[in-house]
file my_file_36.tsv (TSV, C-alpha atoms and all ligand atoms)
chain	number	residue	atom	x	y	z
O	11	MET	CA	27.61	-7.68	37.85
O	12	PRO	CA	27.48	-9.91	34.78
O	13	PRO	CA	27.70	-8.08	31.46
O	14	THR	CA	24.38	-7.18	29.88
O	15	PRO	CA	23.77	-9.54	26.98
O	16	SER	CA	23.67	-7.72	23.68
O	17	PRO	CA	20.24	-7.65	22.07
O	18	VAL	CA	19.50	-10.10	19.30
O	19	THR	CA	17.14	-9.05	16.52
O	20	ARG	CA	15.79	-11.53	14.00
O	21	GLY	CA	14.33	-11.06	10.56
O	22	SER	CA	13.55	-12.77	7.29
O	23	CYS	CA	12.12	-12.37	3.83
O	24	LEU	CA	8.50	-13.29	3.16
O	25	CYS	CA	9.09	-16.92	2.18
O	26	GLY	CA	11.75	-17.65	4.80
O	27	GLY	CA	14.43	-18.53	2.26
O	28	VAL	CA	16.58	-15.84	3.91
O	29	ARG	CA	16.63	-15.63	7.70
O	30	TYR	CA	19.11	-13.67	9.79
O	31	GLU	CA	19.85	-12.46	13.27
O	32	ILE	CA	21.73	-9.33	14.30
O	33	HIS	CA	23.74	-9.19	17.51
O	34	GLY	CA	23.96	-5.78	19.11
O	35	PRO	CA	22.32	-2.40	18.72
O	36	LEU	CA	20.77	-1.16	15.49
O	37	ARG	CA	20.94	2.31	13.96
O	38	PRO	CA	17.74	4.40	13.76
O	39	VAL	CA	15.87	3.92	10.50
O	40	THR	CA	16.79	6.00	7.46
O	41	VAL	CA	14.22	6.34	4.71
O	42	CYS	CA	15.76	6.59	1.23
O	43	HIS	CA	13.76	8.02	-1.66
O	44	CYS	CA	16.39	7.52	-4.38
O	45	SER	CA	15.46	6.01	-7.73
O	46	GLN	CA	17.40	2.79	-7.09
O	47	CYS	CA	15.53	2.18	-3.82
O	48	ARG	CA	12.27	3.05	-5.53
O	49	LYS	CA	12.84	0.64	-8.38
O	50	THR	CA	13.85	-2.28	-6.17
O	51	SER	CA	11.28	-1.81	-3.41
O	52	GLY	CA	8.32	-0.45	-5.29
O	53	HIS	CA	8.22	2.65	-3.03
O	54	VAL	CA	10.95	3.77	-0.62
O	55	VAL	CA	13.52	1.87	1.39
O	56	ALA	CA	13.44	2.14	5.17
O	57	ALA	CA	16.65	0.68	6.53
O	58	THR	CA	18.49	0.22	9.76
O	59	GLU	CA	22.20	-0.63	9.81
O	60	ALA	CA	24.62	-2.86	11.70
O	61	PRO	CA	28.25	-3.95	11.42
O	62	THR	CA	28.38	-6.65	8.75
O	63	GLU	CA	30.03	-9.07	11.18
O	64	ALA	CA	27.10	-8.63	13.60
O	65	ILE	CA	24.68	-10.04	11.03
O	66	GLN	CA	24.48	-13.81	11.09
O	67	LEU	CA	22.69	-15.56	8.26
O	68	LEU	CA	20.62	-18.43	9.64
O	69	GLN	CA	19.38	-19.38	6.20
O	70	ALA	CA	20.54	-18.00	2.86
O	71	THR	CA	19.29	-20.56	0.35
O	72	THR	CA	17.68	-17.95	-1.87
O	73	LEU	CA	19.84	-14.91	-1.03
O	74	THR	CA	21.08	-13.25	-4.22
O	75	TRP	CA	23.26	-10.16	-4.52
O	76	PHE	CA	22.62	-7.64	-7.28
O	77	LYS	CA	25.26	-5.01	-8.07
O	78	SER	CA	22.99	-1.97	-8.20
O	79	SER	CA	25.66	0.68	-8.80
O	80	ASP	CA	29.42	1.08	-9.16
O	81	THR	CA	29.74	1.20	-5.37
O	82	ALA	CA	26.94	-0.87	-3.87
O	83	GLU	CA	25.04	-4.13	-4.02
O	84	ARG	CA	21.65	-5.27	-2.78
O	85	GLY	CA	20.71	-8.60	-1.23
O	86	PHE	CA	17.28	-9.95	-2.08
O	87	CYS	CA	15.40	-13.24	-2.05
O	88	SER	CA	15.32	-14.85	-5.47
O	89	ARG	CA	12.12	-16.76	-4.58
O	90	CYS	CA	9.75	-14.22	-2.98
O	91	GLY	CA	11.50	-11.06	-4.20
O	92	GLY	CA	11.95	-9.56	-0.74
O	93	ASN	CA	14.60	-6.83	-0.43
O	94	LEU	CA	16.77	-7.44	2.62
O	95	PHE	CA	20.22	-5.86	2.48
O	96	TRP	CA	22.23	-3.03	0.97
O	97	ARG	CA	25.97	-2.61	1.34
O	98	GLU	CA	28.79	-0.64	-0.18
O	99	THR	CA	31.29	-2.88	-1.88
O	100	ALA	CA	34.39	-0.80	-1.23
O	101	ARG	CA	33.78	0.57	2.25
O	102	THR	CA	36.60	0.06	4.72
O	103	VAL	CA	34.33	0.08	7.76
O	104	ARG	CA	32.04	-2.78	6.84
O	105	VAL	CA	28.43	-2.09	7.65
O	106	THR	CA	25.28	-3.44	6.06
O	107	SER	CA	21.92	-1.75	5.75
O	108	VAL	CA	19.03	-4.02	6.67
O	109	MET	CA	15.57	-3.26	5.32
O	110	ALA	CA	13.61	-2.47	8.47
O	111	GLY	CA	10.42	-4.08	7.25
O	112	THR	CA	12.13	-7.48	7.18
O	113	LEU	CA	12.73	-7.40	10.96
O	114	ASP	CA	10.53	-9.47	13.21
O	115	GLY	CA	8.86	-6.89	15.43
O	116	PRO	CA	8.77	-5.14	17.78
O	117	THR	CA	11.96	-3.34	16.80
O	118	GLY	CA	12.19	-0.48	19.30
O	119	LEU	CA	13.45	1.63	16.39
O	120	SER	CA	12.13	4.79	14.81
O	121	ILE	CA	12.73	6.77	11.64
O	122	ASP	CA	15.15	9.65	12.17
O	123	ARG	CA	15.93	10.97	8.67
O	124	HIS	CA	15.02	11.00	4.99
O	125	ILE	CA	17.69	10.96	2.29
O	126	PHE	CA	17.68	11.54	-1.47
O	127	VAL	CA	14.40	13.42	-1.19
O	128	ALA	CA	15.32	15.23	-4.42
O	129	ASP	CA	14.61	11.91	-6.19
O	130	LYS	CA	11.26	11.22	-4.59
O	131	LEU	CA	8.16	10.90	-6.72
O	132	ASP	CA	5.18	13.19	-6.44
O	133	TYR	CA	2.45	10.88	-5.19
O	134	TYR	CA	3.22	11.27	-1.46
O	135	ASP	CA	4.43	13.82	1.06
O	136	ILE	CA	6.91	13.37	3.91
O	137	LEU	CA	4.96	14.45	6.98
O	138	ASP	CA	6.83	13.02	9.97
O	139	GLY	CA	8.92	16.14	10.67
O	140	CYS	CA	12.24	14.26	10.51
O	141	PRO	CA	15.24	15.96	8.84
O	142	GLN	CA	15.41	15.67	5.06
O	143	ALA	CA	18.46	15.78	2.78
O	144	ALA	CA	18.46	16.23	-0.99
O	145	ALA	CA	21.06	13.43	-1.23
O	146	TRP	CA	23.26	12.09	1.59
O	147	PHE	CA	23.45	13.77	4.98
O	201	ZN	ZN	11.97	-15.15	0.26
O	202	ZN	ZN	18.25	4.78	-1.94

call {"tool": "encode", "arguments": {"input": "my_file_36.tsv", "output": "structure tokens", "more": "lines below"}}
Ligand SMILES: [Zn+2]
Ligand SMILES: [Zn+2]
result
Amino acid sequence: MPPTPSPVTRGSCLCGGVRYEIHGPLRPVTVCHCSQCRKTSGHVVAATEAPTEAIQLLQATTLTWFKSSDTAERGFCSRCGGNLFWRETARTVRVTSVMAGTLDGPTGLSIDRHIFVADKLDYYDILDGCPQAAAWF
């Protein structure tokens, strides 16, 4: 039998200045309630993850990286402001978080955890029954 082709998932920012495709399976979606995700997204970040080498940038004209902490940086579109990527700068196993809302649907994914819930603001409740961690799992 021929090998099953690995799935290809595509996504972009709102204006299309950043377009990507991911080859292979994606991690379930983690929702992060930390203050850095809040301040960059306007609410929470919901992100899947893939090996960095599996993510192919089809267009990156407006992709800008912002060093958001001592250990991580965030990729966003400098034209429409869309948040697309998060990655640790010093991680030996290179993976990149991809903001799930930038995927072109359907994704076949679902949320499986909430992290940094100790940092969440008080205007909403987490009601999906998924596991919650005060910081990392
Ligand atoms: Zn854009
Ligand atoms: Zn966060």

call {"tool": "closest_residue", "arguments": {"input": "my_file_36.tsv", "among": "O:Val41, O:Arg89, O:Ala100, O:Ser107", "to": "Thr72 of chain O", "atoms": "all atoms listed in the file"}}
result
O:Arg89

call {"tool": "closest_atom_pairs", "arguments": {"input": "my_file_36.tsv", "of": "chain O", "to": "ligand ZN 201 (chain O)", "cutoff": "7 Å", "atoms": "only C-alpha atoms and all ligand atoms", "output": "Markdown table"}}
result
| residue | atom | partner | partner_atom | distance |
| --- | --- | --- | --- | --- |
| O:Cys23 | CA | O:ZN201 | ZN | 4.5 |
| O:Leu24 | CA | O:ZN201 | ZN | 4.9 |
| O:Cys25 | CA | O:ZN201 | ZN | 3.9 |
| O:Gly26 | CA | O:ZN201 | ZN | 5.2 |
| O:Gly27 | CA | O:ZN201 | ZN | 4.6 |
| O:Val28 | CA | O:ZN201 | ZN | 5.9 |
| O:Thr72 | CA | O:ZN201 | ZN | 6.7 |
| O:Cys87 | CA | O:ZN201 | ZN | 4.6 |
| O:Ser88 | CA | O:ZN201 | ZN | 6.6 |
| O:Arg89 | CA | O:ZN201 | ZN | 5.1 |
| O:Cys90 | CA | O:ZN201 | ZN | 4.0 |
| O:Gly91 | CA | O:ZN201 | ZN | 6.1 |
| O:Gly92 | CA | O:ZN201 | ZN | 5.7 |

call {"tool": "residues_near_point", "arguments": {"input": "my_file_36.tsv", "point": "(22.2, -14.0, 12.8)", "cutoff": "7 Å", "atoms": "only C-alpha atoms", "output": "PyMOL selection string"}}
result
chain O and resi 20+30-33+65-68

call {"tool": "closest_residue", "arguments": {"input": "my_file_36.tsv", "among": "O:Gly21, O:Gly34, O:Pro141, O:Gly85", "to": "Asp114 of chain O", "atoms": "only C-alpha atoms"}}
result
O:Gly21

call {"tool": "closest_residue", "arguments": {"input": "my_file_36.tsv", "among": "O:Asp132, O:Gln46, O:Ile121, O:Lys77", "to": "ligand ZN 202 (chain O)", "atoms": "only C-alpha atoms and all ligand atoms"}}
result
O:Gln46

call {"tool": "closest_residue", "arguments": {"input": "my_file_36.tsv", "among": "O:Pro38, O:Pro61, O:Gly118, O:Gly139", "to": "Thr106 of chain O", "atoms": "all atoms listed in the file"}}
result
O:Pro61

call {"tool": "closest_atom_pairs", "arguments": {"input": "my_file_36.tsv", "of": "chain O", "to": "ligand ZN 202 (chain O)", "cutoff": "10 Å", "atoms": "all atoms listed in the file", "output": "CSV"}}
result
residue,atom,partner,partner_atom,distance
O:Thr40,CA,O:ZN202,ZN,9.6
O:Val41,CA,O:ZN202,ZN,7.9
O:Cys42,CA,O:ZN202,ZN,4.4
O:His43,CA,O:ZN202,ZN,5.5
O:Cys44,CA,O:ZN202,ZN,4.1
O:Ser45,CA,O:ZN202,ZN,6.5
O:Gln46,CA,O:ZN202,ZN,5.6
O:Cys47,CA,O:ZN202,ZN,4.2
O:Arg48,CA,O:ZN202,ZN,7.2
O:Lys49,CA,O:ZN202,ZN,9.4
O:Thr50,CA,O:ZN202,ZN,9.3
O:Ser51,CA,O:ZN202,ZN,9.7
O:Val54,CA,O:ZN202,ZN,7.5
O:Val55,CA,O:ZN202,ZN,6.5
O:Ala56,CA,O:ZN202,ZN,9.0
O:Ala57,CA,O:ZN202,ZN,9.5
O:Trp96,CA,O:ZN202,ZN,9.2
O:His124,CA,O:ZN202,ZN,9.9
O:Ile125,CA,O:ZN202,ZN,7.5
O:Phe126,CA,O:ZN202,ZN,6.8
O:Val127,CA,O:ZN202,ZN,9.5
O:Asp129,CA,O:ZN202,ZN,9.1
O:Lys130,CA,O:ZN202,ZN,9.9
O:Ala145,CA,O:ZN202,ZN,9.1
O:Trp146,CA,O:ZN202,ZN,9.5

call {"tool": "closest_atom_pairs", "arguments": {"input": "my_file_36.tsv", "of": "segment 56-147 of chain O", "to": "segment 16-19 of chain O", "cutoff": "12 Å", "atoms": "only C-alpha atoms", "output": "JSON lines"}}
result
{"residue": "O:Thr58", "atom": "CA", "partner": "O:Thr19", "partner_atom": "CA", "distance": 11.6}
{"residue": "O:Glu59", "atom": "CA", "partner": "O:Thr19", "partner_atom": "CA", "distance": 11.9}
{"residue": "O:Ala60", "atom": "CA", "partner": "O:Thr19", "partner_atom": "CA", "distance": 10.8}
{"residue": "O:Ala64", "atom": "CA", "partner": "O:Val18", "partner_atom": "CA", "distance": 9.6}
{"residue": "O:Ile65", "atom": "CA", "partner": "O:Thr19", "partner_atom": "CA", "distance": 9.4}
{"residue": "O:Gln66", "atom": "CA", "partner": "O:Val18", "partner_atom": "CA", "distance": 10.3}
{"residue": "O:Leu67", "atom": "CA", "partner": "O:Thr19", "partner_atom": "CA", "distance": 11.9}
{"residue": "O:Val108", "atom": "CA", "partner": "O:Thr19", "partner_atom": "CA", "distance": 11.2}
{"residue": "O:Ala110", "atom": "CA", "partner": "O:Thr19", "partner_atom": "CA", "distance": 11.0}
{"residue": "O:Thr112", "atom": "CA", "partner": "O:Thr19", "partner_atom": "CA", "distance": 10.7}
{"residue": "O:Leu113", "atom": "CA", "partner": "O:Thr19", "partner_atom": "CA", "distance": 7.3}
{"residue": "O:Asp114", "atom": "CA", "partner": "O:Thr19", "partner_atom": "CA", "distance": 7.4}
{"residue": "O:Gly115", "atom": "CA", "partner": "O:Thr19", "partner_atom": "CA", "distance": 8.6}
{"residue": "O:Pro116", "atom": "CA", "partner": "O:Thr19", "partner_atom": "CA", "distance": 9.3}
{"residue": "O:Thr117", "atom": "CA", "partner": "O:Thr19", "partner_atom": "CA", "distance": 7.7}
{"residue": "O:Gly118", "atom": "CA", "partner": "O:Thr19", "partner_atom": "CA", "distance": 10.3}
{"residue": "O:Leu119", "atom": "CA", "partner": "O:Thr19", "partner_atom": "CA", "distance": 11.3}

call {"tool": "atom_distance", "arguments": {"input": "my_file_36.tsv", "atom1": "atom CA of Arg37 of chain O", "atom2": "atom CA of Gly111 of chain O"}}
result
14.0 Å

call {"tool": "residues_around", "arguments": {"input": "my_file_36.tsv", "residues": "segment 80-83 of chain O", "least_positions_apart": "2", "cutoff": "6 Å", "atoms": "all atoms listed in the file", "output": "ChimeraX atom specification"}}
result
/O:76-78,96-99

call {"tool": "atom_distance", "arguments": {"input": "my_file_36.tsv", "atom1": "atom CA of Met109 of chain O", "atom2": "atom CA of Phe86 of chain O"}}
result
10.1 Å

call {"tool": "atom_distance", "arguments": {"input": "my_file_36.tsv", "atom1": "atom CA of Gln142 of chain O", "atom2": "atom CA of Arg104 of chain O"}}
result
24.9 Å

call {"tool": "closest_residue", "arguments": {"input": "my_file_36.tsv", "among": "O:Val105, O:Ser22, O:Arg29, O:Leu36", "to": "Thr62 of chain O", "atoms": "all atoms listed in the file"}}
result
O:Val105

call {"tool": "build_atoms", "arguments": {"input": "my_file_36.tsv", "residues": "segment 52-63 of chain O", "atoms": "N, CA, C and O atoms", "output": "compact mmCIF listing (two decimals), keeping the file's coordinate frame"}}
result
# COMPACT_ATOMS: atom_id res chain seq x y z
N GLY O 52 9.66 -0.83 -4.90
CA GLY O 52 8.32 -0.45 -5.29
C GLY O 52 7.84 0.84 -4.63
O GLY O 52 6.78 1.35 -4.99
N HIS O 53 8.60 1.37 -3.67
CA HIS O 53 8.22 2.65 -3.03
C HIS O 53 9.49 3.30 -2.52
O HIS O 53 10.25 3.85 -3.29
N VAL O 54 9.72 3.25 -1.20
CA VAL O 54 10.95 3.77 -0.62
C VAL O 54 11.59 2.64 0.16
O VAL O 54 10.95 1.63 0.45
N VAL O 55 12.85 2.82 0.51
CA VAL O 55 13.52 1.87 1.39
C VAL O 55 13.64 2.50 2.77
O VAL O 55 14.07 3.64 2.91
N ALA O 56 13.24 1.76 3.77
CA ALA O 56 13.44 2.14 5.17
C ALA O 56 14.42 1.14 5.75
O ALA O 56 14.11 -0.06 5.80
N ALA O 57 15.59 1.62 6.15
CA ALA O 57 16.65 0.68 6.53
C ALA O 57 17.32 1.08 7.83
O ALA O 57 17.60 2.26 8.07
N THR O 58 17.60 0.07 8.64
CA THR O 58 18.49 0.22 9.76
C THR O 58 19.88 -0.20 9.30
O THR O 58 20.09 -0.46 8.10
N GLU O 59 20.84 -0.28 10.21
CA GLU O 59 22.20 -0.63 9.81
C GLU O 59 22.91 -1.28 10.99
O GLU O 59 22.63 -0.95 12.14
N ALA O 60 23.82 -2.20 10.67
CA ALA O 60 24.62 -2.86 11.70
C ALA O 60 25.97 -3.22 11.10
O ALA O 60 26.10 -3.33 9.86
N PRO O 61 26.99 -3.43 11.95
CA PRO O 61 28.25 -3.95 11.42
C PRO O 61 28.00 -5.27 10.70
O PRO O 61 27.25 -6.11 11.20
N THR O 62 28.62 -5.44 9.55
CA THR O 62 28.38 -6.65 8.75
C THR O 62 28.65 -7.91 9.57
O THR O 62 27.90 -8.89 9.47
N GLU O 63 29.67 -7.87 10.42
CA GLU O 63 30.03 -9.07 11.18
C GLU O 63 28.99 -9.37 12.27
O GLU O 63 28.98 -10.48 12.80
